[in-house]
file protein15.cif (mmCIF, C-alpha atoms)
data_data
#
loop_
_atom_site.group_PDB
_atom_site.id
_atom_site.type_symbol
_atom_site.label_atom_id
_atom_site.label_comp_id
_atom_site.auth_asym_id
_atom_site.auth_seq_id
_atom_site.Cartn_x
_atom_site.Cartn_y
_atom_site.Cartn_z
ATOM 1 C CA MET A 1 9.537 82.686 83.743
ATOM 2 C CA THR A 2 8.810 80.817 86.981
ATOM 3 C CA GLU A 3 9.848 82.329 90.271
ATOM 4 C CA HIS A 4 11.894 79.344 91.510
ATOM 5 C CA ASP A 5 14.018 76.584 90.028
ATOM 6 C CA LEU A 6 12.761 73.926 92.453
ATOM 7 C CA ALA A 7 9.903 73.598 94.928
ATOM 8 C CA LEU A 8 9.940 71.049 97.765
ATOM 9 C CA LYS A 9 6.331 70.443 98.765
ATOM 10 C CA GLY A 10 4.620 68.768 101.690
ATOM 11 C CA GLY A 11 7.584 68.289 103.986
ATOM 12 C CA GLN A 12 8.076 69.132 107.618
ATOM 13 C CA VAL A 13 10.662 71.899 107.952
ATOM 14 C CA LEU A 14 12.832 72.579 110.969
ATOM 15 C CA LEU A 15 12.724 76.353 111.465
ATOM 16 C CA PRO A 16 15.368 78.532 113.176
ATOM 17 C CA ASP A 17 13.356 78.836 116.395
ATOM 18 C CA GLY A 18 13.115 75.053 116.722
ATOM 19 C CA ARG A 19 9.554 74.646 115.481
ATOM 20 C CA ILE A 20 8.749 71.974 112.904
ATOM 21 C CA GLU A 21 6.073 73.108 110.449
ATOM 22 C CA LEU A 22 4.535 71.888 107.210
ATOM 23 C CA VAL A 23 6.126 74.435 104.885
ATOM 24 C CA ASP A 24 6.889 74.404 101.161
ATOM 25 C CA ILE A 25 10.388 75.476 100.129
ATOM 26 C CA GLY A 26 11.281 77.461 97.032
ATOM 27 C CA ILE A 27 14.858 77.210 95.779
ATOM 28 C CA ARG A 28 16.471 79.701 93.420
ATOM 29 C CA HIS A 29 20.054 79.449 92.091
ATOM 30 C CA GLY A 30 20.865 76.693 94.560
ATOM 31 C CA ARG A 31 19.692 78.627 97.643
ATOM 32 C CA ILE A 32 16.523 78.615 99.726
ATOM 33 C CA ALA A 33 14.594 81.681 98.626
ATOM 34 C CA THR A 34 11.067 81.114 99.977
ATOM 35 C CA LEU A 35 9.334 79.370 102.865
ATOM 36 C CA ALA A 36 5.572 79.340 102.298
ATOM 37 C CA ASP A 37 2.448 77.663 103.645
ATOM 38 C CA GLY A 38 0.862 77.893 100.193
ATOM 39 C CA HIS A 39 1.691 77.205 96.563
ATOM 40 C CA VAL A 40 5.271 77.853 95.415
ATOM 41 C CA GLU A 41 5.701 78.416 91.666
ATOM 42 C CA ALA A 42 8.753 76.558 90.287
ATOM 43 C CA SER A 43 10.160 74.954 87.155
ATOM 44 C CA GLU A 44 10.405 71.614 88.971
ATOM 45 C CA THR A 45 8.406 70.316 91.933
ATOM 46 C CA LEU A 46 9.395 67.483 94.259
ATOM 47 C CA ASP A 47 6.827 66.003 96.630
ATOM 48 C CA ILE A 48 8.567 65.254 99.945
ATOM 49 C CA GLY A 49 5.469 64.480 101.988
ATOM 50 C CA GLY A 50 6.291 62.603 105.175
ATOM 51 C CA LEU A 51 9.930 63.739 105.282
ATOM 52 C CA THR A 52 11.548 66.285 107.583
ATOM 53 C CA ILE A 53 13.915 68.867 106.125
ATOM 54 C CA ILE A 54 16.781 70.054 108.323
ATOM 55 C CA PRO A 55 19.728 72.307 107.489
ATOM 56 C CA GLY A 56 22.710 70.603 105.874
ATOM 57 C CA LEU A 57 25.504 69.888 108.322
ATOM 58 C CA VAL A 58 29.085 71.171 108.107
ATOM 59 C CA ASP A 59 31.823 68.656 108.928
ATOM 60 C CA GLU A 60 34.662 70.990 109.889
ATOM 61 C CA HIS A 61 37.109 68.154 110.651
ATOM 62 C CA PHE A 62 37.048 66.008 107.519
ATOM 63 C CA HIS A 63 39.814 63.532 106.648
ATOM 64 C CA VAL A 64 40.463 61.966 103.259
ATOM 65 C CA PHE A 65 44.275 61.880 103.678
ATOM 66 C CA TRP A 66 45.066 62.922 100.111
ATOM 67 C CA GLY A 67 48.096 61.037 98.771
ATOM 68 C CA HIS A 68 47.929 58.152 101.252
ATOM 69 C CA GLY A 69 45.629 56.133 98.997
ATOM 70 C CA TRP A 70 43.224 55.145 101.772
ATOM 71 C CA GLU A 71 40.113 56.823 100.405
ATOM 72 C CA THR A 72 38.875 58.960 97.510
ATOM 73 C CA TYR A 73 37.095 62.306 97.565
ATOM 74 C CA GLN A 74 34.300 60.806 95.513
ATOM 75 C CA GLY A 75 33.677 58.065 98.067
ATOM 76 C CA ALA A 76 34.160 60.241 101.138
ATOM 77 C CA THR A 77 31.936 63.093 99.987
ATOM 78 C CA ARG A 78 29.222 60.745 98.731
ATOM 79 C CA ALA A 79 29.177 59.238 102.220
ATOM 80 C CA ALA A 80 28.980 62.749 103.669
ATOM 81 C CA ALA A 81 26.012 63.627 101.455
ATOM 82 C CA LYS A 82 24.278 60.368 102.401
ATOM 83 C CA GLY A 83 24.597 61.386 106.050
ATOM 84 C CA GLY A 84 23.152 64.874 105.532
ATOM 85 C CA ILE A 85 26.496 66.699 105.474
ATOM 86 C CA THR A 86 26.505 69.305 102.725
ATOM 87 C CA SER A 87 29.856 71.012 103.428
ATOM 88 C CA VAL A 88 33.212 69.542 104.474
ATOM 89 C CA VAL A 89 36.492 71.177 105.499
ATOM 90 C CA ASP A 90 39.317 68.749 104.753
ATOM 91 C CA MET A 91 42.336 68.408 107.029
ATOM 92 C CA PRO A 92 45.923 68.829 105.747
ATOM 93 C CA LEU A 93 47.314 65.475 106.952
ATOM 94 C CA ASP A 94 48.146 64.574 103.390
ATOM 95 C CA LYS A 95 51.175 62.894 101.830
ATOM 96 C CA PRO A 96 53.103 65.155 101.926
ATOM 97 C CA ALA A 97 51.283 67.419 104.366
ATOM 98 C CA THR A 98 49.547 70.502 102.970
ATOM 99 C CA LEU A 99 51.632 73.194 104.687
ATOM 100 C CA SER A 100 52.381 75.600 101.813
ATOM 101 C CA ALA A 101 50.315 77.582 99.338
ATOM 102 C CA HIS A 102 51.884 75.628 96.455
ATOM 103 C CA ARG A 103 50.833 72.318 97.981
ATOM 104 C CA PHE A 104 47.393 73.768 98.761
ATOM 105 C CA GLU A 105 46.861 74.796 95.143
ATOM 106 C CA GLU A 106 48.012 71.359 93.950
ATOM 107 C CA LYS A 107 45.437 69.738 96.191
ATOM 108 C CA LEU A 108 42.645 72.027 95.016
ATOM 109 C CA ALA A 109 43.452 71.203 91.404
ATOM 110 C CA ALA A 110 43.633 67.469 92.131
ATOM 111 C CA ILE A 111 40.240 67.170 93.840
ATOM 112 C CA GLN A 112 38.339 69.579 91.613
ATOM 113 C CA GLY A 113 35.304 67.803 90.207
ATOM 114 C CA ASP A 114 35.554 64.867 92.643
ATOM 115 C CA CYS A 115 33.405 66.244 95.474
ATOM 116 C CA TYR A 116 29.659 65.684 95.799
ATOM 117 C CA VAL A 117 29.272 68.386 98.472
ATOM 118 C CA ASP A 118 30.687 71.846 99.048
ATOM 119 C CA TYR A 119 34.256 71.760 100.334
ATOM 120 C CA ALA A 120 37.023 73.889 101.780
ATOM 121 C CA LEU A 121 40.559 73.022 102.853
ATOM 122 C CA PHE A 122 42.820 73.443 105.853
ATOM 123 C CA GLY A 123 46.424 74.543 105.662
ATOM 124 C CA GLY A 124 49.083 74.240 108.338
ATOM 125 C CA TYR A 125 52.124 75.938 109.830
ATOM 126 C CA LEU A 126 55.462 75.460 108.073
ATOM 127 C CA GLY A 127 58.126 76.003 110.729
ATOM 128 C CA GLU A 128 60.835 76.631 108.124
ATOM 129 C CA ASP A 129 58.780 79.392 106.462
ATOM 130 C CA PRO A 130 56.076 80.911 108.686
ATOM 131 C CA ASN A 131 55.214 83.422 105.934
ATOM 132 C CA GLU A 132 53.332 80.569 104.265
ATOM 133 C CA VAL A 133 50.456 81.394 106.628
ATOM 134 C CA SER A 134 49.744 84.559 104.630
ATOM 135 C CA ALA A 135 50.202 82.709 101.349
ATOM 136 C CA LEU A 136 47.768 79.997 102.454
ATOM 137 C CA ALA A 137 45.200 82.620 103.417
ATOM 138 C CA GLU A 138 45.529 84.226 99.998
ATOM 139 C CA ALA A 139 45.188 80.811 98.327
ATOM 140 C CA GLY A 140 41.868 80.279 100.101
ATOM 141 C CA ALA A 141 42.617 78.218 103.197
ATOM 142 C CA ALA A 142 39.687 78.178 105.608
ATOM 143 C CA ALA A 143 41.724 77.338 108.705
ATOM 144 C CA LEU A 144 45.066 76.026 109.971
ATOM 145 C CA LYS A 145 45.750 72.769 111.822
ATOM 146 C CA LEU A 146 48.354 72.421 114.575
ATOM 147 C CA PHE A 147 49.603 69.565 116.752
ATOM 148 C CA THR A 148 51.067 70.412 120.164
ATOM 149 C CA GLY A 149 54.250 68.428 119.645
ATOM 150 C CA GLY A 150 55.029 65.113 118.018
ATOM 151 C CA VAL A 151 51.821 63.247 118.710
ATOM 152 C CA ALA A 152 50.865 62.425 115.113
ATOM 153 C CA PRO A 153 52.056 59.115 113.622
ATOM 154 C CA PRO A 154 55.780 59.384 112.764
ATOM 155 C CA GLY A 155 56.385 61.381 109.602
ATOM 156 C CA MET A 156 52.729 62.215 109.011
ATOM 157 C CA TYR A 157 52.440 65.752 110.375
ATOM 158 C CA PRO A 158 54.875 68.018 112.221
ATOM 159 C CA GLY A 159 54.270 69.159 115.772
ATOM 160 C CA VAL A 160 54.874 72.725 116.927
ATOM 161 C CA ASP A 161 56.237 74.142 120.152
ATOM 162 C CA THR A 162 54.505 76.846 122.175
ATOM 163 C CA GLY A 163 56.509 79.657 120.569
ATOM 164 C CA GLN A 164 55.399 78.459 117.132
ATOM 165 C CA ILE A 165 51.790 78.274 118.327
ATOM 166 C CA LEU A 166 52.108 81.899 119.424
ATOM 167 C CA ASP A 167 53.560 82.922 116.061
ATOM 168 C CA CYS A 168 50.972 80.957 114.094
ATOM 169 C CA MET A 169 48.056 82.397 116.057
ATOM 170 C CA ARG A 170 49.321 85.953 115.668
ATOM 171 C CA ARG A 171 49.590 85.462 111.909
ATOM 172 C CA ALA A 172 46.255 83.644 111.685
ATOM 173 C CA GLN A 173 44.504 86.383 113.642
ATOM 174 C CA ARG A 174 45.816 89.007 111.203
ATOM 175 C CA GLU A 175 44.599 86.933 108.262
ATOM 176 C CA GLY A 176 41.206 86.133 109.783
ATOM 177 C CA LEU A 177 41.916 82.392 109.921
ATOM 178 C CA THR A 178 40.746 79.932 112.543
ATOM 179 C CA VAL A 179 43.346 77.673 114.154
ATOM 180 C CA VAL A 180 42.344 74.114 115.077
ATOM 181 C CA VAL A 181 44.648 72.387 117.548
ATOM 182 C CA HIS A 182 45.202 68.739 118.396
ATOM 183 C CA SER A 183 46.014 69.313 122.060
ATOM 184 C CA GLU A 184 48.114 66.739 123.901
ATOM 185 C CA ASN A 185 51.263 67.115 125.981
ATOM 186 C CA ALA A 186 53.707 65.140 123.838
ATOM 187 C CA GLU A 187 56.217 64.691 126.662
ATOM 188 C CA ILE A 188 53.628 63.040 128.915
ATOM 189 C CA VAL A 189 52.418 60.802 126.100
ATOM 190 C CA ASP A 190 55.968 59.752 125.186
ATOM 191 C CA PHE A 191 56.932 59.080 128.808
ATOM 192 C CA GLU A 192 53.840 57.037 129.605
ATOM 193 C CA THR A 193 54.085 55.109 126.334
ATOM 194 C CA ALA A 194 57.708 54.155 127.059
ATOM 195 C CA ARG A 195 56.790 53.103 130.610
ATOM 196 C CA LEU A 196 53.950 50.877 129.467
ATOM 197 C CA GLN A 197 56.028 49.316 126.712
ATOM 198 C CA ALA A 198 58.778 48.538 129.222
ATOM 199 C CA GLU A 199 56.175 46.843 131.404
ATOM 200 C CA GLY A 200 55.009 44.770 128.424
ATOM 201 C CA ARG A 201 51.570 46.365 128.503
ATOM 202 C CA SER A 202 49.391 46.602 125.386
ATOM 203 C CA GLY A 203 45.735 46.743 124.421
ATOM 204 C CA PRO A 204 43.011 49.356 124.868
ATOM 205 C CA SER A 205 43.582 49.912 128.588
ATOM 206 C CA ALA A 206 47.279 50.606 128.010
ATOM 207 C CA TRP A 207 46.437 52.996 125.178
ATOM 208 C CA ASP A 208 44.080 54.889 127.467
ATOM 209 C CA GLU A 209 46.731 55.032 130.196
ATOM 210 C CA ALA A 210 49.363 56.272 127.735
ATOM 211 C CA ARG A 211 47.197 59.234 126.705
ATOM 212 C CA PRO A 212 45.612 60.376 129.990
ATOM 213 C CA TRP A 213 43.142 63.190 130.455
ATOM 214 C CA TYR A 214 45.760 65.418 132.075
ATOM 215 C CA ALA A 215 47.969 65.221 128.975
ATOM 216 C CA GLU A 216 45.082 66.765 127.061
ATOM 217 C CA LEU A 217 44.218 69.278 129.772
ATOM 218 C CA GLU A 218 47.770 70.646 130.063
ATOM 219 C CA ALA A 219 47.880 71.289 126.329
ATOM 220 C CA VAL A 220 44.393 72.816 126.338
ATOM 221 C CA GLN A 221 45.475 75.215 129.084
ATOM 222 C CA ARG A 222 48.488 76.287 127.027
ATOM 223 C CA VAL A 223 46.572 76.653 123.791
ATOM 224 C CA ALA A 224 43.733 78.585 125.442
ATOM 225 C CA LEU A 225 46.187 81.019 127.032
ATOM 226 C CA VAL A 226 47.905 81.707 123.705
ATOM 227 C CA ALA A 227 44.499 82.110 122.056
ATOM 228 C CA GLN A 228 43.574 84.649 124.726
ATOM 229 C CA VAL A 229 46.689 86.776 124.320
ATOM 230 C CA THR A 230 46.566 86.722 120.500
ATOM 231 C CA GLY A 231 42.795 87.060 120.019
ATOM 232 C CA CYS A 232 42.897 84.193 117.520
ATOM 233 C CA ARG A 233 39.732 82.164 117.025
ATOM 234 C CA THR A 234 40.777 78.699 118.178
ATOM 235 C CA VAL A 235 39.099 75.298 118.133
ATOM 236 C CA ILE A 236 40.333 72.517 120.427
ATOM 237 C CA ALA A 237 39.924 69.413 118.281
ATOM 238 C CA HIS A 238 38.305 66.127 119.380
ATOM 239 C CA VAL A 239 38.177 66.886 123.097
ATOM 240 C CA THR A 240 37.952 63.735 125.225
ATOM 241 C CA SER A 241 37.680 64.983 128.805
ATOM 242 C CA PRO A 242 35.200 67.120 130.755
ATOM 243 C CA GLN A 243 38.143 68.842 132.465
ATOM 244 C CA SER A 244 39.165 70.316 129.109
ATOM 245 C CA VAL A 245 35.623 71.571 128.484
ATOM 246 C CA THR A 246 35.582 73.240 131.902
ATOM 247 C CA HIS A 247 38.875 75.003 131.228
ATOM 248 C CA ALA A 248 37.758 76.164 127.783
ATOM 249 C CA ARG A 249 34.597 77.605 129.313
ATOM 250 C CA GLU A 250 36.699 79.474 131.888
ATOM 251 C CA ALA A 251 39.025 80.746 129.131
ATOM 252 C CA ARG A 252 36.022 82.048 127.179
ATOM 253 C CA ALA A 253 34.876 83.891 130.288
ATOM 254 C CA ARG A 254 38.305 85.606 130.308
ATOM 255 C CA GLY A 255 37.839 86.694 126.705
ATOM 256 C CA ALA A 256 39.522 83.882 124.761
ATOM 257 C CA ASP A 257 37.830 83.031 121.457
ATOM 258 C CA VAL A 258 38.095 79.304 122.190
ATOM 259 C CA TRP A 259 35.709 76.625 120.947
ATOM 260 C CA ILE A 260 35.387 72.918 121.659
ATOM 261 C CA GLU A 261 34.920 70.053 119.209
ATOM 262 C CA THR A 262 34.203 66.519 120.338
ATOM 263 C CA CYS A 263 33.300 63.197 118.733
ATOM 264 C CA PRO A 264 30.301 60.884 119.161
ATOM 265 C CA HIS A 265 32.379 58.008 120.551
ATOM 266 C CA TYR A 266 33.705 60.181 123.386
ATOM 267 C CA LEU A 267 30.122 60.888 124.382
ATOM 268 C CA SER A 268 28.711 57.382 124.029
ATOM 269 C CA LEU A 269 31.450 54.914 125.056
#

call {"tool": "encode", "arguments": {"input": "protein15.cif", "output": "structure tokens"}}
result
Amino acid sequence: MTEHDLALKGGQVLLPDGRIELVDIGIRHGRIATLADGHVEASETLDIGGLTIIPGLVDEHFHVFWGHGWETYQGATRAAAKGGITSVVDMPLDKPATLSAHRFEEKLAAIQGDCYVDYALFGGYLGEDPNEVSALAEAGAAALKLFTGGVAPPGMYPGVDTGQILDCMRRAQREGLTVVVHSENAEIVDFETARLQAEGRSGPSAWDEARPWYAELEAVQRVALVAQVTGCRTVIAHVTSPQSVTHAREARARGADVWIETCPHYLSL
């Protein structure tokens, strides 16, 4: 019996310390088992000379919007694989939203067999029954998604107030779940949107003015404080402003387990 199922030969490999070396890779049971500068015995050999091998990426903020009919898991995860993403964690902004263990299990059953990469799912916080947090953890949820108020499109996903954020983070911390938060001050966004509409303003500049950096920062400050007092691992989703990054760094220095996610367009436009 050969030692490996698959050998990848002749490629440049990105190693943990940042070096790129010509190394052959032996794979056993779907996992990298051997890195060698010599012959690797395997049932199947693939010559990848001239290519560079890097670790597969994890997209921890994946959207297919199950139930909305906009995309399929087959199409979305094939695109992920094409881009070098080998694991996705899908958000719960489904139709209806995935906020309960029952809905979570329905979703798992519905997408089983449709994904070309490894996948996990988010749950959420059901204000009418907060005990669903424990049920979601038991069902296999990888994380929970929150919105700081009604800033999602109407009817798509419920917002939570600060007391509910506190409750959710306490429960998530006990269950070992990460909480990912869309952080915007809904009152500021609503007020500025109404003002601009009354002035007859529209277009990209009005959109930017309706959702200013300080609306994000205020919510980030709140979320980071609650994360600090609960000990909950917390990710601030799609951060747009350097002020938010600065505050998150300061919160981490105070002991908050707070992390920042951003998006390529915020860095390049």

call {"tool": "resolve_selection", "arguments": {"input": "protein15.cif", "expression": "the PyMOL selection byres ((chain A and resi 6) around 8)", "output": "number ranges by chain"}}
result
A: 4-5, 7-8, 26-28, 42-46

call {"tool": "closest_residue", "arguments": {"input": "protein15.cif", "among": "A:Gly11, A:Gly75, A:Pro153, A:Gly203", "to": "Val117 of chain A", "atoms": "all atoms listed in the file"}}
result
A:Gly75

call {"tool": "residues_near_point", "arguments": {"input": "protein15.cif", "point": "(44.1, 68.6, 99.6)", "cutoff": "9 Å", "atoms": "all atoms listed in the file", "output": "MDAnalysis selection string"}}
result
chainID A and resid 64:67 90:94 97:98 103:111 121:123

call {"tool": "atom_distance", "arguments": {"input": "protein15.cif", "atom1": "atom CA of His238 of chain A", "atom2": "atom CA of Lys145 of chain A"}}
result
12.5 Å

call {"tool": "residues_near_point", "arguments": {"input": "protein15.cif", "point": "(45.2, 67.9, 116.1)", "cutoff": "7 Å", "atoms": "all atoms listed in the file", "output": "tab-separated table (two decimals) with C-alpha atoms, in the frame of the given file"}}
result
chain	number	residue	atom	x	y	z
A	145	LYS	CA	45.75	72.77	111.82
A	146	LEU	CA	48.35	72.42	114.58
A	147	PHE	CA	49.60	69.56	116.75
A	180	VAL	CA	42.34	74.11	115.08
A	181	VAL	CA	44.65	72.39	117.55
A	182	HIS	CA	45.20	68.74	118.40
A	183	SER	CA	46.01	69.31	122.06
A	237	ALA	CA	39.92	69.41	118.28

call {"tool": "residues_around", "arguments": {"input": "protein15.cif", "residues": "Thr178 of chain A", "least_positions_apart": "6", "cutoff": "10 Å", "atoms": "all atoms listed in the file", "output": "count of residues only"}}
result
13

call {"tool": "resolve_selection", "arguments": {"input": "protein15.cif", "expression": "the PyMOL selection byres ((chain A and resi 133) around 9)", "output": "PyMOL selection string"}}
result
chain A and resi 99-101+123-126+129-132+134-138+144+168+171-172+175

call {"tool": "write_last_selection", "arguments": {"input": "protein15.cif", "atoms": "C-alpha atoms", "output": "compact mmCIF listing (two decimals), in the coordinates of the input"}}
result
# COMPACT_ATOMS: atom_id res chain seq x y z
CA LEU A 99 51.63 73.19 104.69
CA SER A 100 52.38 75.60 101.81
CA ALA A 101 50.32 77.58 99.34
CA GLY A 123 46.42 74.54 105.66
CA GLY A 124 49.08 74.24 108.34
CA TYR A 125 52.12 75.94 109.83
CA LEU A 126 55.46 75.46 108.07
CA ASP A 129 58.78 79.39 106.46
CA PRO A 130 56.08 80.91 108.69
CA ASN A 131 55.21 83.42 105.93
CA GLU A 132 53.33 80.57 104.26
CA SER A 134 49.74 84.56 104.63
CA ALA A 135 50.20 82.71 101.35
CA LEU A 136 47.77 80.00 102.45
CA ALA A 137 45.20 82.62 103.42
CA GLU A 138 45.53 84.23 100.00
CA LEU A 144 45.07 76.03 109.97
CA CYS A 168 50.97 80.96 114.09
CA ARG A 171 49.59 85.46 111.91
CA ALA A 172 46.26 83.64 111.68
CA GLU A 175 44.60 86.93 108.26

call {"tool": "residues_around", "arguments": {"input": "protein15.cif", "residues": "segment 79-82 of chain A", "least_positions_apart": "6", "cutoff": "10 Å", "atoms": "only C-alpha atoms", "output": "PyMOL selection string"}}
result
chain A and resi 56-59+62+73+88+115-118

call {"tool": "atom_distance", "arguments": {"input": "protein15.cif", "atom1": "atom CA of Arg19 of chain A", "atom2": "atom CA of Leu35 of chain A"}}
result
13.5 Å

call {"tool": "atom_distance", "arguments": {"input": "protein15.cif", "atom1": "atom CA of Ile25 of chain A", "atom2": "atom CA of Gln12 of chain A"}}
result
10.1 Å

call {"tool": "residues_around", "arguments": {"input": "protein15.cif", "residues": "Gln228 of chain A", "least_positions_apart": "2", "cutoff": "7 Å", "atoms": "only C-alpha atoms", "output": "MDAnalysis selection string"}}
result
chainID A and resid 224:226 230:231 255:257

call {"tool": "residues_around", "arguments": {"input": "protein15.cif", "residues": "Gln197 of chain A", "least_positions_apart": "4", "cutoff": "12 Å", "atoms": "only C-alpha atoms", "output": "JSON list (two decimals) with C-alpha atoms, in the frame of the given file"}}
result
[["chain", "number", "residue", "atom", "x", "y", "z"],
["A", 190, "ASP", "CA", 55.97, 59.75, 125.19],
["A", 191, "PHE", "CA", 56.93, 59.08, 128.81],
["A", 192, "GLU", "CA", 53.84, 57.04, 129.60],
["A", 193, "THR", "CA", 54.08, 55.11, 126.33],
["A", 201, "ARG", "CA", 51.57, 46.36, 128.50],
["A", 202, "SER", "CA", 49.39, 46.60, 125.39],
["A", 203, "GLY", "CA", 45.74, 46.74, 124.42],
["A", 206, "ALA", "CA", 47.28, 50.61, 128.01],
["A", 207, "TRP", "CA", 46.44, 53.00, 125.18],
["A", 209, "GLU", "CA", 46.73, 55.03, 130.20],
["A", 210, "ALA", "CA", 49.36, 56.27, 127.74]]

call {"tool": "build_atoms", "arguments": {"input": "protein15.cif", "residues": "segment 167-182 of chain A", "atoms": "N, CA, C and O atoms", "output": "short mmCIF file (atom, residue, chain, number, x, y, z; two decimals), in the frame of the given file"}}
result
data_model
loop_
_atom_site.label_atom_id
_atom_site.label_comp_id
_atom_site.auth_asym_id
_atom_site.auth_seq_id
_atom_site.Cartn_x
_atom_site.Cartn_y
_atom_site.Cartn_z
N ASP A 167 53.32 82.28 117.35
CA ASP A 167 53.56 82.92 116.06
C ASP A 167 52.44 82.62 115.08
O ASP A 167 51.93 83.51 114.39
N CYS A 168 52.03 81.35 115.02
CA CYS A 168 50.97 80.96 114.09
C CYS A 168 49.67 81.68 114.41
O CYS A 168 48.99 82.18 113.51
N MET A 169 49.32 81.75 115.69
CA MET A 169 48.06 82.40 116.06
C MET A 169 48.09 83.90 115.79
O MET A 169 47.07 84.48 115.38
N ARG A 170 49.22 84.54 116.01
CA ARG A 170 49.32 85.95 115.67
C ARG A 170 49.09 86.16 114.18
O ARG A 170 48.34 87.05 113.76
N ARG A 171 49.73 85.34 113.37
CA ARG A 171 49.59 85.46 111.91
C ARG A 171 48.17 85.12 111.48
O ARG A 171 47.58 85.80 110.62
N ALA A 172 47.61 84.06 112.05
CA ALA A 172 46.26 83.64 111.68
C ALA A 172 45.24 84.72 112.06
O ALA A 172 44.31 84.99 111.30
N GLN A 173 45.43 85.34 113.21
CA GLN A 173 44.50 86.38 113.64
C GLN A 173 44.53 87.56 112.66
O GLN A 173 43.48 88.11 112.32
N ARG A 174 45.71 87.92 112.18
CA ARG A 174 45.82 89.01 111.20
C ARG A 174 45.13 88.65 109.90
O ARG A 174 44.57 89.52 109.22
N GLU A 175 45.17 87.37 109.54
CA GLU A 175 44.60 86.93 108.26
C GLU A 175 43.13 86.53 108.39
O GLU A 175 42.50 86.21 107.38
N GLY A 176 42.59 86.54 109.60
CA GLY A 176 41.21 86.13 109.78
C GLY A 176 40.98 84.64 109.69
O GLY A 176 39.87 84.19 109.38
N LEU A 177 42.02 83.84 109.99
CA LEU A 177 41.92 82.39 109.92
C LEU A 177 41.66 81.80 111.30
O LEU A 177 42.14 82.31 112.31
N THR A 178 40.93 80.72 111.33
CA THR A 178 40.75 79.93 112.54
C THR A 178 41.88 78.93 112.66
O THR A 178 42.35 78.39 111.67
N VAL A 179 42.33 78.68 113.89
CA VAL A 179 43.35 77.67 114.15
C VAL A 179 42.71 76.53 114.93
O VAL A 179 42.05 76.75 115.95
N VAL A 180 42.88 75.32 114.43
CA VAL A 180 42.34 74.11 115.08
C VAL A 180 43.53 73.32 115.61
O VAL A 180 44.48 73.05 114.88
N VAL A 181 43.47 72.95 116.89
CA VAL A 181 44.65 72.39 117.55
C VAL A 181 44.35 71.02 118.14
O VAL A 181 43.42 70.86 118.96
N HIS A 182 45.15 70.04 117.72
CA HIS A 182 45.20 68.74 118.40
C HIS A 182 46.03 68.95 119.65
O HIS A 182 47.23 69.19 119.58
#
